Amino acid sequence: METAMAILTGLFFAVSIYLMLSRHIIRILLGVAILSNAVNLTIFTNGRITREVPPIIPEGKAFPVEAVANPLPQALVLTAIVIAFAFFAFLLVLVFRSYQELGTDDTDEMREAEPPNEPAPPLGY
Amino acid sequence: MTFYALFVPFVAAIFAPALTRLFKHNAAWILALAPAGLFLHFLGFVEGVAAGERFTGGVRWLPSFNVNFSWFVDGLSLTFALLISGIGTLIVLYSGGYLKGHRHQGRFFSFILMFMGAMQGLVLSDSFLMLFVFWELTSITSFLLIGFNHAEERSRRSAIQALVVTGLGGLSLLAGLLMIWNITGLSELSLLLASGDLLRDSPFYLAAFVLVLGGCFTKSAQFPLHFWLPNAMEAPTPVSAYLHSATMVKAGVYLLMRLNPAMGDTVPWETVLPVFGGATLIAGTLLAVRQTDLKLMLAYTTMASLGLLVMLTGFGTEKAIEGAILYLVAHSMFKGCLFMVAGNVDHGTGTRDITRLGGLMTAMPLTFGAAILAALSMGGLPPFFGFLAKEEMYYGLASLDPWSLTFLAVAMVGNGLMFAVGFAVAIKPFFGPKVETPEHPHEGPVLLWAGPVVLAVAGLFSALFSSEFHRLISNPMAGAVAGHDADITISVVPHLGTALYLSLATVALGIAFYLGFDRLRSGMAGLLTAIGWGPDRGFDQVIDGIVRLSTVVTRWVQNGRMEYYVTATFILLVLAIFIPMGLADEWPELPEFPTLFFYEWAVILIAALGLLAVVWAKDRLTAIVSLGIQGFAVAVLFMLMGAPDLSFTQFMVETLSVVILALAMTRLRLSPQDPRSWAQFFLDGAIALASGAGFTLLLLAVLATEFNAELTEFFNTYSVQIAHGRNIVNVILVDFRGIDTFGEIAVVMVSGLAILALIRVLPKRRAANAAAPTKEVAEPIQEAG
């Protein structure tokens with residue numbers, strides 16, 4: 001199971017990085033969304049995998065009775081999912097607004113901060 | 001008491017602007033109380049130090065690193081402290097007159113008092129780090145003072161130049177001090193001085209020596225690092241008189257003298273110091289002759305004097321050291337005085353050009369008197385203090401071996417030239433026919449002439465009462481520098497002997513130079529034009545070069561194309577994964593083919609298909625839907641692996657993402673094609689595949705290691721016992737890591753606010769055709785777990 005998950009995680013990373021390498025902002029956004037899944041899967045798989053038994057302690061017991069899934073990575077990933085979503089939403093609005101403002105979706109044409117033919121800084125004091 | 005005295009000038013600096021606003025230039029009288037009080041405070045140490053005592057004190061600063069904020073007073077630091085506070089008092093008064101009515105006079109007072117505090121701290125420091133801090137502080141305050149007329153480019157250039165040169169020297173000094181600290185294990189000067197040959201015998205002595213010299217030579221303007229000092233004359237004249245002749249530039253000499261007992265008496269010390277000092281002496285005097293500006297002439301002779309001091313400090317004989325300390329005291333008095341004279345001439349006539357001045361004797365009698373007395377001291381004529389210094393130094397240098405004879409000749413030529421320059425400054429503007437000057441020549445107010453007159457008279461009286469002066473000041477100081485008791489007996493009564501003959505020869509040489517002054521100047525001017533390049537121009541070339549280089553590097557590294565940044569980032573990521581793995585040979589074992597249930601295979605396959613569909617999507621809708629597919633597949637995977645909470649959250653988040661994305665995308669007109677060339681496609685593909693493979697390998701390597709279940713056991717064991725919850729994941733989130741969850745909610749809220757701001761703030765030019773905001777996004781999503 002872990003081996004399969006490792007390979008799948010690698011695929012998630014490859015796809016998200018390929019998308020992020022695009023000059024197309026909406027594809028970069030998709031890449032970021034997939035990257036959060038890739039990272040979550042990595043954390044989850046690192047905590048080892050137990051099938052189908054959620055980490056819940058039955059009524060009347062003080063400890064889990066059988067081998068349950070590792071709760072720690074679940075808690076971490078839960079936090080990560082929510083933050084990643086907030087980030088994704090912010091990024092989306094940023095993309096949306098920058099498209100409105102700059103009228104382009106090509107990162108090469110977004111040169112407001114670093115214009116292409118910026119003059120050399122002046123010599124002297 | 002002395003500990004608090006260290007802060008007095010800084011406190012005065014804080015109140016200076018307000019006082020100046022209240023009392024205009026008369027604030028000088030009040031502000032001068034600070035240095036005057038310090039002067040009296042330090043006078044209280046004189047008797048004790050003369051009796052051989054040393055005073056120390058301070059507080060522990062960083063006890064864990066054995067760093068103390070500690071001061072100590074011996075003959076050397078006491079003399080410096082007296083010079084700094086004494087001349088400081090006169091300078092504060094002088095600036096009151098000199099900058100009368102200047103818009104920023106309060107700021108000037110503030111800067112100069114800050115400098116005074118820094119310089120005083122420097123000479124009283126015991127611990128290395130405190131010494132370094134004050135050392136840098138003098139560089140910074142000097143920068144502020146040189147650039148005081150910041151509206152002029154020349155001032156800015158000089159200020160930056162001084163800061164760069166002395167700042168680099170400061171770094172070198174820091175390295176040197178840390179090295180000494182490492183070699184000896186001592187972090188305090190007072191302990192270092194008592195450590196005997198510990199430092200000298202170390203194999204790292206030479207490195208420490210060179211690094212410390214880097215600091216001293218830049219600060220004390222030794223050739224070829226001298227060029228910043230004449231340029232520093234852009235500062236108002238009180239600054240030149242105080243920082244760039246009497247005090248700050250002597251910091252390097254101070255440190256050399258201070259370290260002499262611990263680092264001196266070695267072959268490198270006694271070779272490098274005299275050679276560089278001698279070269280500085282000759283270069284400084286020759287360049288001084290070339291100038292026609294009074295201040296520049298004095299500036300170059302200051303550089304020459306510093307060279308002389310370094311030469312004498314390193315020469316190695318006891319008399320040479322005594323000569324050095326006498327000359328140091330004499331120089332502070334006559335040079336400070338002459339600078340103020342130059343300032344007065346400038347103030348009274350509107351020019352400092354020596355060829356355009358003449359006949360000022362009757363118009364400025366007090367200034368003239370001070371100038372003559374100072375020049376007599378500078379020329380080394382009895383009965384002035386400069387005479388004592390020169391006699392003593394000739395005693396120190398006179399010997400018949402070729403090495404000594406060389407330096408004797410250097411000292412004589414240097415002194416002769418300084419004699420000529422000194423008298424040129426003191427005589428040419430005052431004698432001869434009256435020359436038309438931009439302003440009608442007049443004597444300034446008492447604030448202007450008090451300083452030079454006091455210093456000039458001090459140069460006379462200290463010589464007349466030389467035996468008392470030696471007992472109280474010179475002997476303790478020479479003792480501190482030499483490392484054992486000294487006994488200076490020289491007085492104004494000339495004794496027939498080698499030194500006197502040498503003095504007479506120097507005076508004859510000086511008169512000869514003075515008579516041929518104009519010819520000498522034109523000769524030097526011709527020579528310098530012929531050479532054409534100097535370190536000053538070199539500095540400009542270096543700075544321009546740095547600007548050009550950084551432009552090229554910035555263009556290359558930060559070219560404004562995001563694609564380039566992202567590519568570089570991920571290439572580095574690939575390298576960061578593979579290189580350590582390859583070097584440590586930690587490739588994971590080839591795992592066995594996974595055995596999975598068919599439905600697990602199915603979900604994994606769906607996720608993979610969703611991912612590939614996102615990549616190949618030709619239109620927006622496909623892309624959004626495929627994104628949803630991989631997200632839901634992940635949710636199902638979580639479900640299958642015993643994480644229902646995760647699964648629900650993931651379902652919700654993916655649903656929302658797809659909805660928001662669909663809403664936003666309908667408002668964007670995006671090109672359907674991913675515009676990549678084939679080369680780009682292969683490069684990006686290769687990077688993506690390599691990083692994917694890298695993560696897989698990394699994960700496999702991690703999975704092959706033994707799992708440490710300690711934390712998991714903890715949560716499993718205590719979930720019910722401590723937190724009374726049965727869903728362990730939830731217990732972790734809201735209890736064990738409750739603060740983390742709180743932070744997470746804060747992040748979501750902040751991003752919600754940021755989104756709101758982005759949507760609401762519309763520039764006017766676009767406001768008309770802007771689309772309605774997507775409100776859904778603005779709502780922070782509550783966490784599902």
# chains A, B, ... in the order shown; residues from 1 in each chain; ligands from 1
call {"tool": "residues_around", "arguments": {"residues": "range 39-55 of chain A", "least_positions_apart": "4", "cutoff": "6 Å", "atoms": "only C-alpha atoms", "output": "list in words"}}
result
Val68, Ala69, Pro71, Pro73 and Val77 of chain A; Leu640, Met641, Gly642, Ala643 and Ile728 of chain B
call {"tool": "write_last_selection", "arguments": {"atoms": "C-alpha atoms", "output": "compact mmCIF listing (two decimals), in the first residue's frame"}}
result
# COMPACT_ATOMS: atom_id res chain seq x y z
CA VAL A 68 -5.82 1.95 14.47
CA ALA A 69 -4.60 4.43 11.87
CA PRO A 71 -3.84 9.95 14.28
CA PRO A 73 -0.45 12.81 10.47
CA VAL A 77 -3.02 17.05 7.25
CA LEU B 640 -10.00 3.93 2.61
CA MET B 641 -6.99 4.53 4.86
CA GLY B 642 -8.86 5.10 8.07
CA ALA B 643 -9.14 8.87 7.98
CA ILE B 728 -8.09 10.98 18.75
call {"tool": "residues_around", "arguments": {"residues": "Arg561 in chain B", "least_positions_apart": "6", "cutoff": "10 Å", "atoms": "only C-alpha atoms", "output": "CSV table (one decimal) with all heavy atoms, in the first residue's frame"}}
result
chain,number,residue,atom,x,y,z
A,23,ARG,N,3.7,29.4,-18.2
A,23,ARG,CA,3.7,30.8,-18.1
A,23,ARG,C,2.3,31.3,-17.9
A,23,ARG,O,2.0,32.5,-17.9
A,23,ARG,CB,4.3,31.4,-19.4
A,23,ARG,CG,5.8,31.6,-19.3
A,23,ARG,CD,6.3,31.7,-20.7
A,23,ARG,NE,5.6,32.6,-21.6
A,23,ARG,CZ,5.8,32.6,-22.9
A,23,ARG,NH1,6.6,31.8,-23.5
A,23,ARG,NH2,5.1,33.5,-23.6
A,107,THR,N,2.7,35.3,-17.6
A,107,THR,CA,3.6,35.9,-16.6
A,107,THR,C,4.7,36.7,-17.2
A,107,THR,O,5.2,37.6,-16.6
A,107,THR,CB,4.2,34.8,-15.7
A,107,THR,OG1,4.9,33.9,-16.5
A,107,THR,CG2,3.2,34.1,-14.9
A,108,ASP,N,5.1,36.4,-18.5
A,108,ASP,CA,6.1,37.1,-19.1
A,108,ASP,C,5.7,38.5,-19.4
A,108,ASP,O,6.6,39.4,-19.6
A,108,ASP,CB,6.5,36.4,-20.4
A,108,ASP,CG,7.7,35.5,-20.2
A,108,ASP,OD1,8.1,35.3,-19.0
A,108,ASP,OD2,8.3,35.0,-21.2
A,109,GLU,N,4.4,38.8,-19.5
A,109,GLU,CA,4.0,40.1,-19.8
A,109,GLU,C,3.6,40.9,-18.6
A,109,GLU,O,3.2,42.1,-18.7
A,109,GLU,CB,2.7,40.0,-20.8
A,109,GLU,CG,3.1,39.6,-22.2
A,109,GLU,CD,1.9,39.1,-23.0
A,109,GLU,OE1,0.8,39.6,-22.7
A,109,GLU,OE2,2.1,38.3,-23.9
A,110,MET,N,3.7,40.3,-17.4
A,110,MET,CA,3.4,41.0,-16.2
A,110,MET,C,4.7,41.6,-15.7
A,110,MET,O,5.5,41.0,-14.9
A,110,MET,CB,2.9,40.0,-15.1
A,110,MET,CG,1.5,39.4,-15.5
A,110,MET,SD,1.0,38.3,-14.2
A,110,MET,CE,-0.7,38.1,-14.7
A,111,ARG,N,5.0,42.8,-16.2
A,111,ARG,CA,6.3,43.4,-15.8
A,111,ARG,C,6.2,44.7,-15.1
A,111,ARG,O,7.0,45.6,-15.3
A,111,ARG,CB,7.2,43.5,-17.1
A,111,ARG,CG,7.4,42.2,-17.8
A,111,ARG,CD,8.3,41.3,-17.0
A,111,ARG,NE,9.6,41.7,-16.9
A,111,ARG,CZ,10.6,41.4,-17.7
A,111,ARG,NH1,10.4,40.5,-18.6
A,111,ARG,NH2,11.8,41.8,-17.5
A,114,GLU,N,9.1,44.8,-12.5
A,114,GLU,CA,10.5,44.7,-13.0
A,114,GLU,C,10.4,44.9,-14.5
A,114,GLU,O,10.4,43.9,-15.3
A,114,GLU,CB,11.1,43.4,-12.7
A,114,GLU,CG,11.4,43.2,-11.2
A,114,GLU,CD,11.5,41.8,-10.8
A,114,GLU,OE1,10.9,40.9,-11.4
A,114,GLU,OE2,12.3,41.5,-9.8
A,115,PRO,N,10.2,46.2,-15.0
A,115,PRO,CA,10.1,46.4,-16.4
A,115,PRO,C,11.3,45.9,-17.2
A,115,PRO,O,12.4,45.9,-16.7
A,115,PRO,CB,9.9,47.9,-16.5
A,115,PRO,CG,10.3,48.5,-15.2
A,115,PRO,CD,10.3,47.4,-14.2
A,116,PRO,N,11.0,45.4,-18.5
A,116,PRO,CA,12.0,44.7,-19.2
A,116,PRO,C,13.3,45.6,-19.5
A,116,PRO,O,14.4,45.1,-19.4
A,116,PRO,CB,11.3,44.3,-20.5
A,116,PRO,CG,9.9,44.5,-20.3
A,116,PRO,CD,9.7,45.4,-19.1
call {"tool": "residues_around", "arguments": {"residues": "Ala89 in chain A", "least_positions_apart": "2", "cutoff": "10 Å", "atoms": "only C-alpha atoms", "output": "PyMOL selection string"}}
result
(chain A and resi 29+33+83-87+91-95) or (chain B and resi 656-657+660-661+748+751-752+755+776-778+780)
call {"tool": "interface_residues", "arguments": {"of": "chain B", "to": "chain A", "cutoff": "7 Å", "atoms": "only C-alpha atoms", "output": "MDAnalysis selection string"}}
result
chainID B and resid 153 156:157 544 551 560:563 566:567 591 594:596 611 640:644 646 653 664 670 674 684:685 688:689 691:693 695:696 699:700 703 712 716:717 720:721 726:729 732:733 744 747:748 751 755 777 783
call {"tool": "residues_around", "arguments": {"residues": "range 381-397 of chain B", "least_positions_apart": "6", "cutoff": "9 Å", "atoms": "only C-alpha atoms", "output": "PyMOL selection string"}}
result
chain B and resi 312+315-331+334+373-375+404-405+407-408+411-412+415+458-464+466+488+490-494+498-500+502-503+507
call {"tool": "atom_distance", "arguments": {"atom1": "CA of Leu572 in chain B", "atom2": "CA of Thr554 in chain B"}}
result
18.8 Å
call {"tool": "select_by_dssp", "arguments": {"residues": "range 76-325 of chain B", "states": "alpha helix (DSSP H)", "output": "PyMOL selection string"}}
result
chain B and resi 76-98+105-124+128-146+153-184+189-193+205-219+228-231+237-241+250-263+267-290+294-315+318-325
call {"tool": "residues_around", "arguments": {"residues": "range 57-61 of chain B", "least_positions_apart": "5", "cutoff": "9 Å", "atoms": "only C-alpha atoms", "output": "list in words"}}
result
Thr2, Phe3, Asn66, Val67, Asn68, Phe69, Ser70, Trp71, Phe72 and Asp126 of chain B
call {"tool": "write_last_selection", "arguments": {"atoms": "N, CA, C and O atoms", "output": "PDB file, in the first residue's frame"}}
result
ATOM      1  N   THR B   2      32.414  56.896  36.546  1.00  0.00           N
ATOM      2  CA  THR B   2      32.997  56.914  35.207  1.00  0.00           C
ATOM      3  C   THR B   2      32.118  56.163  34.226  1.00  0.00           C
ATOM      4  O   THR B   2      31.997  56.541  33.057  1.00  0.00           O
ATOM      5  N   PHE B   3      31.463  55.104  34.733  1.00  0.00           N
ATOM      6  CA  PHE B   3      30.549  54.340  33.882  1.00  0.00           C
ATOM      7  C   PHE B   3      29.456  55.258  33.327  1.00  0.00           C
ATOM      8  O   PHE B   3      29.145  55.232  32.140  1.00  0.00           O
ATOM      9  N   ASN B  66      31.087  35.656  28.185  1.00  0.00           N
ATOM     10  CA  ASN B  66      32.206  36.301  28.856  1.00  0.00           C
ATOM     11  C   ASN B  66      32.505  37.670  28.268  1.00  0.00           C
ATOM     12  O   ASN B  66      33.662  38.042  28.076  1.00  0.00           O
ATOM     13  N   VAL B  67      31.451  38.406  27.935  1.00  0.00           N
ATOM     14  CA  VAL B  67      31.626  39.750  27.393  1.00  0.00           C
ATOM     15  C   VAL B  67      31.159  40.749  28.443  1.00  0.00           C
ATOM     16  O   VAL B  67      30.040  40.639  28.942  1.00  0.00           O
ATOM     17  N   ASN B  68      32.022  41.684  28.783  1.00  0.00           N
ATOM     18  CA  ASN B  68      31.678  42.697  29.772  1.00  0.00           C
ATOM     19  C   ASN B  68      31.644  44.071  29.146  1.00  0.00           C
ATOM     20  O   ASN B  68      32.312  44.326  28.144  1.00  0.00           O
ATOM     21  N   PHE B  69      30.851  44.942  29.741  1.00  0.00           N
ATOM     22  CA  PHE B  69      30.841  46.344  29.329  1.00  0.00           C
ATOM     23  C   PHE B  69      31.771  47.050  30.305  1.00  0.00           C
ATOM     24  O   PHE B  69      31.334  47.608  31.302  1.00  0.00           O
ATOM     25  N   SER B  70      33.067  46.973  30.024  1.00  0.00           N
ATOM     26  CA  SER B  70      34.008  47.394  31.059  1.00  0.00           C
ATOM     27  C   SER B  70      34.952  48.466  30.529  1.00  0.00           C
ATOM     28  O   SER B  70      35.332  48.454  29.363  1.00  0.00           O
ATOM     29  N   TRP B  71      35.286  49.381  31.381  1.00  0.00           N
ATOM     30  CA  TRP B  71      36.202  50.467  31.009  1.00  0.00           C
ATOM     31  C   TRP B  71      37.456  50.358  31.861  1.00  0.00           C
ATOM     32  O   TRP B  71      37.441  49.734  32.915  1.00  0.00           O
ATOM     33  N   PHE B  72      38.543  50.930  31.371  1.00  0.00           N
ATOM     34  CA  PHE B  72      39.684  51.050  32.253  1.00  0.00           C
ATOM     35  C   PHE B  72      40.511  52.275  31.911  1.00  0.00           C
ATOM     36  O   PHE B  72      40.536  52.746  30.777  1.00  0.00           O
ATOM     37  N   ASP B 126      37.529  48.556  27.748  1.00  0.00           N
ATOM     38  CA  ASP B 126      38.405  47.483  28.183  1.00  0.00           C
ATOM     39  C   ASP B 126      38.114  46.229  27.376  1.00  0.00           C
ATOM     40  O   ASP B 126      39.014  45.568  26.878  1.00  0.00           O
TER      41      ASP B 126
END
call {"tool": "atom_distance", "arguments": {"atom1": "CA of His470 in chain B", "atom2": "CA of Ala505 in chain B"}}
result
26.3 Å
call {"tool": "residues_around", "arguments": {"residues": "range 306-310 of chain B", "least_positions_apart": "4", "cutoff": "7 Å", "atoms": "only C-alpha atoms", "output": "number ranges by chain"}}
result
B: 220, 222, 253, 273-274, 277-278, 280-281, 302, 314, 324
call {"tool": "residues_around", "arguments": {"residues": "Gly264 in chain B", "least_positions_apart": "2", "cutoff": "12 Å", "atoms": "only C-alpha atoms", "output": "number ranges by chain"}}
result
B: 193, 196-197, 199-201, 205-206, 209, 255-262, 266-273, 313-318, 321, 481-483
call {"tool": "atom_distance", "arguments": {"atom1": "CA of Val123 in chain B", "atom2": "CA of Val11 in chain B"}}
result
18.8 Å
